[in-house]
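The file start-v4.txt contains compact mmCIF, C-alpha atoms:
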```
# COMPACT_ATOMS: atom_id res chain seq x y z
CA MET A 1 -10.81 -31.16 -44.46
CA THR A 2 -8.09 -29.80 -42.18
CA PHE A 3 -7.64 -31.11 -38.68
CA VAL A 4 -8.32 -28.53 -35.95
CA LYS A 5 -7.07 -29.35 -32.48
CA ALA A 6 -9.46 -28.46 -29.64
CA GLN A 7 -7.65 -25.95 -27.42
CA LYS A 8 -10.21 -26.13 -24.63
CA THR A 9 -11.75 -29.53 -24.09
CA LYS A 10 -15.03 -30.51 -22.50
CA ALA A 11 -13.18 -31.24 -19.25
CA TYR A 12 -11.96 -27.64 -19.16
CA PHE A 13 -15.46 -26.21 -19.37
CA LYS A 14 -16.85 -28.71 -16.83
CA ARG A 15 -14.21 -27.70 -14.27
CA PHE A 16 -14.29 -23.97 -15.06
CA GLN A 17 -14.83 -21.85 -11.94
CA VAL A 18 -16.34 -18.39 -12.32
CA LYS A 19 -14.37 -15.64 -10.58
CA PHE A 20 -15.92 -13.50 -7.85
CA LYS A 21 -18.29 -10.79 -9.02
CA ARG A 22 -16.15 -7.85 -7.84
CA ARG A 23 -13.13 -9.42 -9.58
CA ARG A 24 -15.10 -9.72 -12.83
CA GLU A 25 -16.14 -6.07 -12.52
CA GLY A 26 -12.54 -5.02 -11.86
CA LYS A 27 -13.37 -3.57 -8.43
CA ALA A 28 -11.42 -5.82 -6.04
CA ASP A 29 -7.95 -7.35 -5.90
CA TYR A 30 -8.56 -10.52 -3.92
CA ARG A 31 -4.90 -11.53 -4.00
CA ALA A 32 -3.96 -8.36 -2.12
CA ARG A 33 -7.04 -8.60 0.12
CA THR A 34 -6.13 -12.12 1.25
CA ARG A 35 -2.71 -10.94 2.38
CA LEU A 36 -4.21 -7.94 4.16
CA ILE A 37 -6.79 -9.82 6.24
CA ASN A 38 -4.90 -13.07 6.97
CA GLN A 39 -4.32 -13.36 10.70
CA ASP A 40 -1.94 -15.65 12.59
CA LYS A 41 -3.61 -18.76 14.04
CA ASN A 42 -2.19 -18.15 17.51
CA LYS A 43 -3.99 -14.79 17.66
CA TYR A 44 -7.37 -16.53 17.48
CA ASN A 45 -10.18 -14.08 16.72
CA THR A 46 -8.13 -10.88 17.06
CA PRO A 47 -9.25 -8.49 14.29
CA LYS A 48 -6.71 -7.21 11.80
CA TYR A 49 -7.51 -3.63 10.84
CA HIS A 50 -6.80 -1.99 7.52
CA PHE A 51 -6.93 1.68 6.57
CA VAL A 52 -8.97 1.88 3.37
CA VAL A 53 -8.60 4.95 1.13
CA ARG A 54 -10.87 5.49 -1.86
CA PHE A 55 -11.54 8.38 -4.18
CA ASP A 56 -13.90 11.28 -3.45
CA ILE A 57 -12.02 11.18 -0.61
CA ILE A 58 -13.13 8.34 1.67
CA ALA A 59 -10.96 7.03 4.51
CA GLN A 60 -12.22 4.07 6.53
CA ILE A 61 -10.85 1.69 9.15
CA ILE A 62 -12.23 -1.80 8.50
CA SER A 63 -11.78 -5.26 9.95
CA ALA A 64 -12.78 -8.43 8.13
CA SER A 65 -14.97 -11.19 9.58
CA ILE A 66 -16.60 -14.33 8.19
CA THR A 67 -19.98 -12.59 7.95
CA GLY A 68 -18.50 -9.54 6.19
CA ASP A 69 -16.39 -6.44 6.70
CA ILE A 70 -16.98 -4.34 9.83
CA MET A 71 -16.36 -0.60 9.58
CA LEU A 72 -15.15 1.04 12.79
CA VAL A 73 -14.80 4.66 11.72
CA ALA A 74 -14.95 6.65 8.50
CA ALA A 75 -14.03 10.14 7.34
CA TYR A 76 -15.42 11.68 4.17
CA GLY A 77 -14.36 14.64 2.06
CA HIS A 78 -17.91 16.02 2.02
CA GLU A 79 -17.67 16.57 5.82
CA LEU A 80 -15.02 19.28 5.38
CA PRO A 81 -17.42 22.25 4.86
CA GLN A 82 -18.43 21.99 8.53
CA TYR A 83 -14.79 22.72 9.43
CA GLY A 84 -14.55 25.75 7.16
CA LEU A 85 -13.27 24.22 3.90
CA GLU A 86 -15.92 24.49 1.20
CA VAL A 87 -13.69 24.15 -1.89
CA GLY A 88 -11.18 21.57 -3.10
CA LEU A 89 -12.78 18.73 -1.12
CA LYS A 90 -10.96 16.02 -3.10
CA THR A 91 -7.46 17.20 -2.20
CA MET A 92 -7.66 17.22 1.59
CA GLN A 93 -6.36 14.75 4.18
CA GLN A 94 -8.57 13.74 7.10
CA HIS A 95 -7.31 13.34 10.65
CA ILE A 96 -8.45 10.33 12.66
CA MET A 97 -7.30 10.88 16.23
CA ASP A 98 -7.11 9.30 19.60
CA LYS A 99 -7.17 11.12 22.95
CA GLU A 100 -3.98 9.49 24.22
CA TYR A 101 -2.06 9.67 20.92
CA GLU A 102 -2.38 13.25 19.82
CA GLY A 103 -0.22 12.76 16.75
CA ASN A 104 1.67 15.47 14.91
CA VAL A 105 0.15 18.82 15.97
CA GLU A 106 2.01 20.93 13.41
CA ALA A 107 2.60 19.37 10.01
CA ILE A 108 6.00 20.51 8.74
CA GLY A 109 6.37 17.84 6.05
CA GLU A 110 8.63 15.39 7.88
CA ASP A 111 7.76 11.72 8.26
CA PHE A 112 6.06 11.29 11.65
CA LEU A 113 6.16 7.96 13.50
CA VAL A 114 3.90 7.29 16.47
CA GLU A 115 5.86 6.23 19.53
CA PRO A 116 4.13 3.70 21.84
CA ALA A 117 3.16 4.97 25.29
CA GLU A 118 3.54 3.13 28.59
CA SER A 119 -0.16 2.31 29.09
CA ARG A 120 -1.10 0.94 25.66
CA ARG A 121 0.18 0.78 22.12
CA PRO A 122 -1.12 3.05 19.35
CA PHE A 123 -3.92 1.88 17.09
CA ARG A 124 -2.32 -0.08 14.24
CA ALA A 125 -3.79 -0.47 10.76
CA LEU A 126 -2.47 -1.56 7.37
CA LEU A 127 -2.86 0.64 4.30
CA ASP A 128 -5.35 -0.69 1.72
CA VAL A 129 -4.97 1.17 -1.59
CA GLY A 130 -7.34 -1.05 -3.59
CA LEU A 131 -6.69 -0.86 -7.35
CA VAL A 132 -5.05 2.58 -7.27
CA ARG A 133 -1.67 2.92 -8.94
CA THR A 134 0.78 3.69 -6.13
CA THR A 135 2.59 6.55 -7.85
CA THR A 136 4.61 9.16 -5.95
CA GLY A 137 2.37 11.91 -4.59
CA ASN A 138 -0.89 10.00 -5.06
CA ASP A 139 -3.89 11.13 -2.95
CA VAL A 140 -3.76 7.77 -1.15
CA PHE A 141 -0.48 8.73 0.47
CA GLY A 142 -1.85 12.18 1.34
CA ALA A 143 -4.61 10.44 3.30
CA LEU A 144 -1.97 8.16 4.86
CA LYS A 145 0.02 11.20 6.00
CA GLY A 146 -3.14 12.76 7.49
CA ALA A 147 -4.01 9.59 9.41
CA GLN A 148 -0.41 9.23 10.57
CA ASP A 149 -0.35 12.85 11.82
CA GLY A 150 -3.66 12.10 13.54
CA GLY A 151 -2.06 9.40 15.72
CA LEU A 152 -2.52 6.14 13.79
CA ASP A 153 0.30 3.63 13.53
CA ILE A 154 0.47 2.64 9.83
CA PRO A 155 3.58 0.80 8.57
CA HIS A 156 4.89 2.71 5.54
CA SER A 157 7.85 4.25 3.76
CA ASP A 158 8.27 7.90 2.80
CA LYS A 159 9.25 6.98 -0.78
CA ARG A 160 5.75 7.68 -2.14
CA PHE A 161 5.10 10.98 -0.37
CA ALA A 162 4.94 14.10 -2.52
CA GLY A 163 8.43 15.62 -2.66
CA PHE A 164 10.44 12.39 -2.54
CA SER A 165 13.40 12.58 -4.93
CA LYS A 166 14.28 9.36 -6.74
CA ASP A 167 17.75 10.62 -7.56
CA GLY A 168 18.60 11.99 -4.12
CA LYS A 169 16.66 9.18 -2.38
CA GLN A 170 15.29 11.48 0.29
CA LEU A 171 12.12 13.40 1.06
CA ASP A 172 12.11 17.15 0.39
CA LEU A 173 10.31 18.52 3.46
CA GLU A 174 9.55 21.91 1.89
CA VAL A 175 7.82 20.33 -1.12
CA HIS A 176 5.89 17.92 1.09
CA ARG A 177 4.77 20.73 3.40
CA LYS A 178 3.67 22.76 0.38
CA TYR A 179 1.37 19.93 -0.72
CA ILE A 180 -0.09 19.51 2.78
CA TYR A 181 -1.13 23.17 2.96
CA GLY A 182 -2.37 23.45 -0.64
CA GLY A 183 0.72 25.20 -1.98
CA HIS A 184 0.52 23.32 -5.30
CA VAL A 185 -3.06 24.61 -5.79
CA ALA A 186 -1.94 28.16 -4.96
CA ALA A 187 0.91 27.93 -7.51
CA TYR A 188 -1.52 26.70 -10.17
CA MET A 189 -3.87 29.60 -9.35
CA ARG A 190 -1.04 32.14 -9.82
CA ASN A 191 0.03 30.60 -13.14
CA LEU A 192 -3.51 30.66 -14.51
CA MET A 193 -4.06 34.24 -13.37
CA GLU A 194 -1.01 35.37 -15.35
CA ASP A 195 -1.27 33.16 -18.44
CA GLU A 196 -4.99 32.35 -18.89
CA PRO A 197 -7.27 34.67 -16.91
CA GLU A 198 -10.44 33.33 -18.58
CA LYS A 199 -9.57 29.75 -17.65
CA TYR A 200 -8.82 30.91 -14.10
CA GLN A 201 -12.31 32.44 -13.85
CA THR A 202 -13.97 29.11 -14.78
CA HIS A 203 -11.62 26.71 -12.94
CA PHE A 204 -11.60 28.61 -9.65
CA SER A 205 -15.07 30.15 -9.78
CA GLU A 206 -15.98 28.75 -6.33
CA TYR A 207 -12.77 30.16 -4.85
CA ILE A 208 -13.50 33.58 -6.38
CA LYS A 209 -17.09 33.50 -5.12
CA ARG A 210 -15.86 32.91 -1.54
CA GLY A 211 -13.03 35.44 -1.82
CA ILE A 212 -10.22 32.86 -1.49
CA GLU A 213 -6.97 33.88 -3.15
CA ALA A 214 -3.68 32.03 -3.67
CA ASP A 215 -2.03 33.74 -0.68
CA ASP A 216 -4.87 32.64 1.64
CA MET A 217 -4.52 28.88 1.02
CA GLU A 218 -2.01 28.03 3.76
CA GLU A 219 -3.86 29.98 6.45
CA LEU A 220 -7.16 28.38 5.38
CA TYR A 221 -5.77 24.84 5.70
CA LYS A 222 -4.24 25.63 9.10
CA LYS A 223 -7.64 26.79 10.36
CA VAL A 224 -9.27 23.62 9.01
CA HIS A 225 -6.66 21.40 10.71
CA ALA A 226 -7.25 23.21 14.02
CA ALA A 227 -11.04 22.88 13.66
CA ILE A 228 -10.76 19.13 13.00
CA ARG A 229 -8.56 18.67 16.06
CA ALA A 230 -10.97 20.69 18.21
CA ASP A 231 -13.98 18.51 17.35
CA PRO A 232 -13.43 15.58 14.93
CA THR A 233 -16.85 13.99 15.55
CA ALA A 234 -19.16 13.78 12.55
CA LYS A 235 -22.26 15.95 12.66
CA LYS A 236 -25.64 14.91 11.37
CA SER A 237 -26.94 16.77 8.37
CA GLU A 238 -29.53 19.45 9.15
CA LYS A 239 -31.00 19.13 5.69
CA GLU A 240 -34.70 18.30 5.77
CA PRO A 241 -35.73 15.10 3.99
CA PRO A 242 -37.64 15.66 0.74
CA LYS A 243 -41.42 15.81 1.10
CA GLU A 244 -41.92 13.93 -2.14
CA HIS A 245 -39.45 11.33 -3.34
CA LYS A 246 -38.49 11.35 -7.00
CA ARG A 247 -39.88 8.46 -8.99
CA TYR A 248 -37.85 7.20 -11.93
CA ASN A 249 -40.13 4.35 -13.00
CA LEU A 250 -43.79 4.36 -14.02
CA LYS A 251 -46.38 4.12 -11.29
CA ARG A 252 -48.22 0.79 -11.21
CA LEU A 253 -51.85 1.30 -12.24
CA THR A 254 -54.82 -0.44 -10.64
CA TYR A 255 -57.22 -2.59 -12.65
CA GLU A 256 -59.82 0.21 -12.82
CA GLU A 257 -57.21 2.72 -14.01
CA ARG A 258 -55.96 0.35 -16.70
CA LYS A 259 -59.53 -0.31 -17.85
CA ALA A 260 -60.34 3.42 -18.03
CA ARG A 261 -57.09 4.07 -19.93
CA LEU A 262 -57.93 1.36 -22.47
CA ILE A 263 -61.43 2.78 -23.05
CA GLU A 264 -59.93 6.23 -23.52
CA ARG A 265 -57.45 4.94 -26.12
CA LEU A 266 -60.19 3.03 -27.97
CA ASN A 267 -62.41 6.12 -28.09
CA ALA A 268 -59.53 8.20 -29.43
CA LEU A 269 -58.82 5.55 -32.07
CA ASN A 270 -62.49 5.32 -33.11
CA SER A 271 -62.80 9.09 -33.39
CA ALA A 272 -59.66 9.23 -35.55
CA THR A 273 -60.96 6.53 -37.91
CA GLY A 274 -64.34 8.34 -38.10
CA VAL A 275 -62.62 11.55 -39.25
CA ASP A 276 -60.70 9.62 -41.93
CA ASP A 277 -63.96 8.07 -43.22
CA ASP A 278 -65.60 11.51 -43.51
CA ASP A 279 -62.64 12.80 -45.50
CA THR A 280 -62.86 9.93 -47.98
CA ASP A 281 -66.63 10.53 -48.45
CA ASP A 282 -66.02 14.19 -49.21
CA ASP A 283 -63.38 13.30 -51.82
CA GLU A 284 -65.82 11.00 -53.64
```
Please lay out the structure from this file as structure tokens.
Amino acid sequence: MTFVKAQKTKAYFKRFQVKFKRRREGKADYRARTRLINQDKNKYNTPKYHFVVRFDIIAQIISASITGDIMLVAAYGHELPQYGLEVGLKTMQQHIMDKEYEGNVEAIGEDFLVEPAESRRPFRALLDVGLVRTTTGNDVFGALKGAQDGGLDIPHSDKRFAGFSKDGKQLDLEVHRKYIYGGHVAAYMRNLMEDEPEKYQTHFSEYIKRGIEADDMEELYKKVHAAIRADPTAKKSEKEPPKEHKRYNLKRLTYEERKARLIERLNALNSATGVDDDDTDDDE
């Protein structure tokens, strides 16, 4: 019999510590989170805010506490139809603004830094990308640019904005501006119209239904930006709640209902066996 060395001893299993649930599910990076929320001891209970960006597009400003995370403000992609944008809701930046810090009124693609005023400093938050791969031109950095233009102070570099050239080591303002105003979507629409008209009809069916063409994209986004600046407050949905809620599990029966159901099944079973007996008698 060959000798097999135990790789993991009893002591290993006795001291094994299960990781947090969201780490096991692959939803949270606690190493990055610890560095985001750690606050200096001499600042006591001062909250440290982080700008959280998630897909579908969700932008939130959150501070961590012992009892749990506290969300101050949130902006969602599904709110954009009330500002006039009913298509392409996953490719749009949201503006989170302050009255004193107006931000960048006209987005021309350049990196905008918020300068502190005399009365108080701008609202500062740290970018929280979660588990997203921080590739150049990612939607996370589009949301960062929107928040920055809206007046937030977020420490960052322009190396991950759309249009940054790795070879030239500088940001191409024209390319970045094109992405802000949906120019990349307009270019894709023109290419599909020329090369694959059938695919264009299916991919941009909502655009066609609303009469939005490639040349209208920039003007549409400018109107949306102006509408957000005019009134950025979230509006409550006017949709009426459903009269009857959908039920996905079986309704719990009372004792009388269960008893009646059992009698019904027994009667059906007895009648079926009676028919079989009659058939056998006829065969004999």
For segment 127-216 of chain A against segment 102-110 of chain A, with a cut-off of 8 Å and counting all atoms listed in the file, what is the closest atom pair and its distance in Å to one decimal for every residue that makes the cut, ordered by chain and number, as CSV?
```
residue,atom,partner,partner_atom,distance
A:Gln148,CA,A:Gly103,CA,7.1
A:Asp149,CA,A:Asn104,CA,4.5
A:Gly150,CA,A:Gly103,CA,4.8
A:Gly151,CA,A:Gly103,CA,4.0
A:Leu152,CA,A:Gly103,CA,7.6
A:Leu171,CA,A:Glu110,CA,7.9
A:Leu173,CA,A:Gly109,CA,4.8
A:Glu174,CA,A:Gly109,CA,6.6
A:Val175,CA,A:Gly109,CA,7.7
A:His176,CA,A:Gly109,CA,5.0
A:Arg177,CA,A:Gly109,CA,4.2
A:Lys178,CA,A:Gly109,CA,8.0
A:Ile180,CA,A:Gly109,CA,7.4
```
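In this model, the gap between atom CA of Ser63 of chain A and atom CA of Tyr49 of chain A comes to 4.7 Å.
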For this session: Just the residues within 8 Å of segment 29-31 of chain A, please, counting only C-alpha atoms, with nothing from its chain fewer than 5 positions along; format it as a PyMOL selection string.
Result: chain A and resi 23+130-131
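Atom pair atom CA of Asp56 of chain A / atom CA of Arg160 of chain A: separated by 20.0 Å.
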For this session: Considering only C-alpha atoms, return as a list in words whatever protein or nucleic-acid residues lie within 8 Å of Leu126 of chain A, sequence-local ones (same chain, fewer than 6 positions apart) excluded.
Result: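 Counting only the stated atoms, we get Leu36, Tyr49, His50, Phe51, Ile154 and Pro155 of chain A.
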Written selection (C-alpha atoms) as a compact mmCIF listing (two decimals), keeping the file's coordinate frame:
```
# COMPACT_ATOMS: atom_id res chain seq x y z
CA LEU A 36 -4.21 -7.94 4.16
CA TYR A 49 -7.51 -3.63 10.84
CA HIS A 50 -6.80 -1.99 7.52
CA PHE A 51 -6.93 1.68 6.57
CA ILE A 154 0.47 2.64 9.83
CA PRO A 155 3.58 0.80 8.57
```
For this session: Could you check how far atom CA of Leu250 of chain A sits from atom CA of Arg265 of chain A, in Å to one decimal?
Result: 18.3 Å
Problem set entry | Distance query Gly142 of chain A at most 12 Å, only C-alpha atoms, self and fewer than 2 positions along chain excluded, as number ranges by chain | A: 53-55, 57-59, 90-95, 109, 111, 127, 129, 134-140, 144-149, 158, 160-163, 176-182
Can you pull out the residues contacting Glu86 of chain A? Cut-off 9 Å, using all atoms listed in the file, and skip same-chain residues under 4 positions away; I want them as a PDB file with C-alpha atoms, keeping the file's coordinate frame.
```pdb
ATOM      1  CA  HIS A  78     -17.910  16.020   2.020  1.00  0.00           C
ATOM      2  CA  LEU A  80     -15.020  19.280   5.380  1.00  0.00           C
ATOM      3  CA  PRO A  81     -17.420  22.250   4.860  1.00  0.00           C
ATOM      4  CA  GLN A  82     -18.430  21.990   8.530  1.00  0.00           C
ATOM      5  CA  GLU A 206     -15.980  28.750  -6.330  1.00  0.00           C
ATOM      6  CA  TYR A 207     -12.770  30.160  -4.850  1.00  0.00           C
ATOM      7  CA  ARG A 210     -15.860  32.910  -1.540  1.00  0.00           C
TER       8      ARG A 210
END
```
Problem set entry | Contacts of segment 120-122 of chain A at 10 Å (all atoms listed in the file; same-chain gap of 4+ positions) as a list in words |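 Here the qualifying residues turn out to be Asp98, Glu100, Tyr101, Val114, Glu115, Pro116, Gly151, Leu152, Asp153 and Ile154 of chain A.
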Proximity check segment 50-92 of chain A to segment 229-232 of chain A, 12 Å, nearest pairs one decimal Å, only C-alpha atoms, as JSON lines:
```
{"residue": "A:Val73", "atom": "CA", "partner": "A:Pro232", "partner_atom": "CA", "distance": 11.5}
{"residue": "A:Ala74", "atom": "CA", "partner": "A:Pro232", "partner_atom": "CA", "distance": 11.1}
{"residue": "A:Ala75", "atom": "CA", "partner": "A:Pro232", "partner_atom": "CA", "distance": 9.4}
{"residue": "A:Tyr76", "atom": "CA", "partner": "A:Pro232", "partner_atom": "CA", "distance": 11.6}
{"residue": "A:Glu79", "atom": "CA", "partner": "A:Pro232", "partner_atom": "CA", "distance": 10.1}
{"residue": "A:Leu80", "atom": "CA", "partner": "A:Pro232", "partner_atom": "CA", "distance": 10.4}
{"residue": "A:Gln82", "atom": "CA", "partner": "A:Pro232", "partner_atom": "CA", "distance": 10.3}
{"residue": "A:Tyr83", "atom": "CA", "partner": "A:Asp231", "partner_atom": "CA", "distance": 9.0}
```
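Among A:His156, A:Arg190, A:Arg15, A:Lys223, the residue with the shortest atom-to-atom distance to Phe204 of chain A, counting all atoms listed in the file, is A:Arg190.
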Starting from the incomplete input, reconstruct N, CA, C and O atoms of segment 190-204 of chain A and report them as a PDB file, keeping the file's coordinate frame.
```pdb
ATOM      1  N   ARG A 190      -1.860  30.988  -9.388  1.00  0.00           N
ATOM      2  CA  ARG A 190      -1.040  32.140  -9.820  1.00  0.00           C
ATOM      3  C   ARG A 190      -0.674  32.020 -11.303  1.00  0.00           C
ATOM      4  O   ARG A 190      -0.700  33.007 -12.043  1.00  0.00           O
ATOM      5  N   ASN A 191      -0.335  30.799 -11.729  1.00  0.00           N
ATOM      6  CA  ASN A 191       0.030  30.600 -13.140  1.00  0.00           C
ATOM      7  C   ASN A 191      -1.150  30.894 -14.066  1.00  0.00           C
ATOM      8  O   ASN A 191      -0.990  31.525 -15.113  1.00  0.00           O
ATOM      9  N   LEU A 192      -2.342  30.416 -13.672  1.00  0.00           N
ATOM     10  CA  LEU A 192      -3.510  30.660 -14.510  1.00  0.00           C
ATOM     11  C   LEU A 192      -3.883  32.132 -14.541  1.00  0.00           C
ATOM     12  O   LEU A 192      -4.311  32.646 -15.583  1.00  0.00           O
ATOM     13  N   MET A 193      -3.741  32.810 -13.406  1.00  0.00           N
ATOM     14  CA  MET A 193      -4.060  34.240 -13.370  1.00  0.00           C
ATOM     15  C   MET A 193      -3.186  35.038 -14.343  1.00  0.00           C
ATOM     16  O   MET A 193      -3.655  35.977 -14.994  1.00  0.00           O
ATOM     17  N   GLU A 194      -1.924  34.651 -14.465  1.00  0.00           N
ATOM     18  CA  GLU A 194      -1.010  35.370 -15.350  1.00  0.00           C
ATOM     19  C   GLU A 194      -1.173  34.978 -16.812  1.00  0.00           C
ATOM     20  O   GLU A 194      -1.226  35.833 -17.698  1.00  0.00           O
ATOM     21  N   ASP A 195      -1.280  33.644 -17.056  1.00  0.00           N
ATOM     22  CA  ASP A 195      -1.270  33.160 -18.440  1.00  0.00           C
ATOM     23  C   ASP A 195      -2.663  33.089 -19.063  1.00  0.00           C
ATOM     24  O   ASP A 195      -2.842  33.493 -20.212  1.00  0.00           O
ATOM     25  N   GLU A 196      -3.636  32.553 -18.337  1.00  0.00           N
ATOM     26  CA  GLU A 196      -4.990  32.350 -18.890  1.00  0.00           C
ATOM     27  C   GLU A 196      -6.037  32.841 -17.892  1.00  0.00           C
ATOM     28  O   GLU A 196      -6.609  32.032 -17.145  1.00  0.00           O
ATOM     29  N   PRO A 197      -6.300  34.122 -17.874  1.00  0.00           N
ATOM     30  CA  PRO A 197      -7.270  34.670 -16.910  1.00  0.00           C
ATOM     31  C   PRO A 197      -8.688  34.112 -17.078  1.00  0.00           C
ATOM     32  O   PRO A 197      -9.397  33.900 -16.095  1.00  0.00           O
ATOM     33  N   GLU A 198      -9.095  33.852 -18.342  1.00  0.00           N
ATOM     34  CA  GLU A 198     -10.440  33.330 -18.580  1.00  0.00           C
ATOM     35  C   GLU A 198     -10.585  31.922 -18.001  1.00  0.00           C
ATOM     36  O   GLU A 198     -11.599  31.583 -17.401  1.00  0.00           O
ATOM     37  N   LYS A 199      -9.558  31.107 -18.204  1.00  0.00           N
ATOM     38  CA  LYS A 199      -9.570  29.750 -17.650  1.00  0.00           C
ATOM     39  C   LYS A 199      -9.575  29.782 -16.120  1.00  0.00           C
ATOM     40  O   LYS A 199     -10.213  28.953 -15.461  1.00  0.00           O
ATOM     41  N   TYR A 200      -8.850  30.757 -15.563  1.00  0.00           N
ATOM     42  CA  TYR A 200      -8.820  30.910 -14.100  1.00  0.00           C
ATOM     43  C   TYR A 200     -10.220  31.225 -13.557  1.00  0.00           C
ATOM     44  O   TYR A 200     -10.625  30.698 -12.514  1.00  0.00           O
ATOM     45  N   GLN A 201     -10.966  32.068 -14.281  1.00  0.00           N
ATOM     46  CA  GLN A 201     -12.310  32.440 -13.850  1.00  0.00           C
ATOM     47  C   GLN A 201     -13.246  31.235 -13.800  1.00  0.00           C
ATOM     48  O   GLN A 201     -14.097  31.132 -12.920  1.00  0.00           O
ATOM     49  N   THR A 202     -13.100  30.294 -14.742  1.00  0.00           N
ATOM     50  CA  THR A 202     -13.970  29.110 -14.780  1.00  0.00           C
ATOM     51  C   THR A 202     -13.480  28.026 -13.813  1.00  0.00           C
ATOM     52  O   THR A 202     -14.279  27.423 -13.101  1.00  0.00           O
ATOM     53  N   HIS A 203     -12.161  27.782 -13.776  1.00  0.00           N
ATOM     54  CA  HIS A 203     -11.620  26.710 -12.940  1.00  0.00           C
ATOM     55  C   HIS A 203     -11.770  26.997 -11.453  1.00  0.00           C
ATOM     56  O   HIS A 203     -12.051  26.087 -10.666  1.00  0.00           O
ATOM     57  N   PHE A 204     -11.589  28.247 -11.070  1.00  0.00           N
ATOM     58  CA  PHE A 204     -11.600  28.610  -9.650  1.00  0.00           C
ATOM     59  C   PHE A 204     -12.766  29.544  -9.332  1.00  0.00           C
ATOM     60  O   PHE A 204     -12.630  30.467  -8.533  1.00  0.00           O
TER      61      PHE A 204
END
```
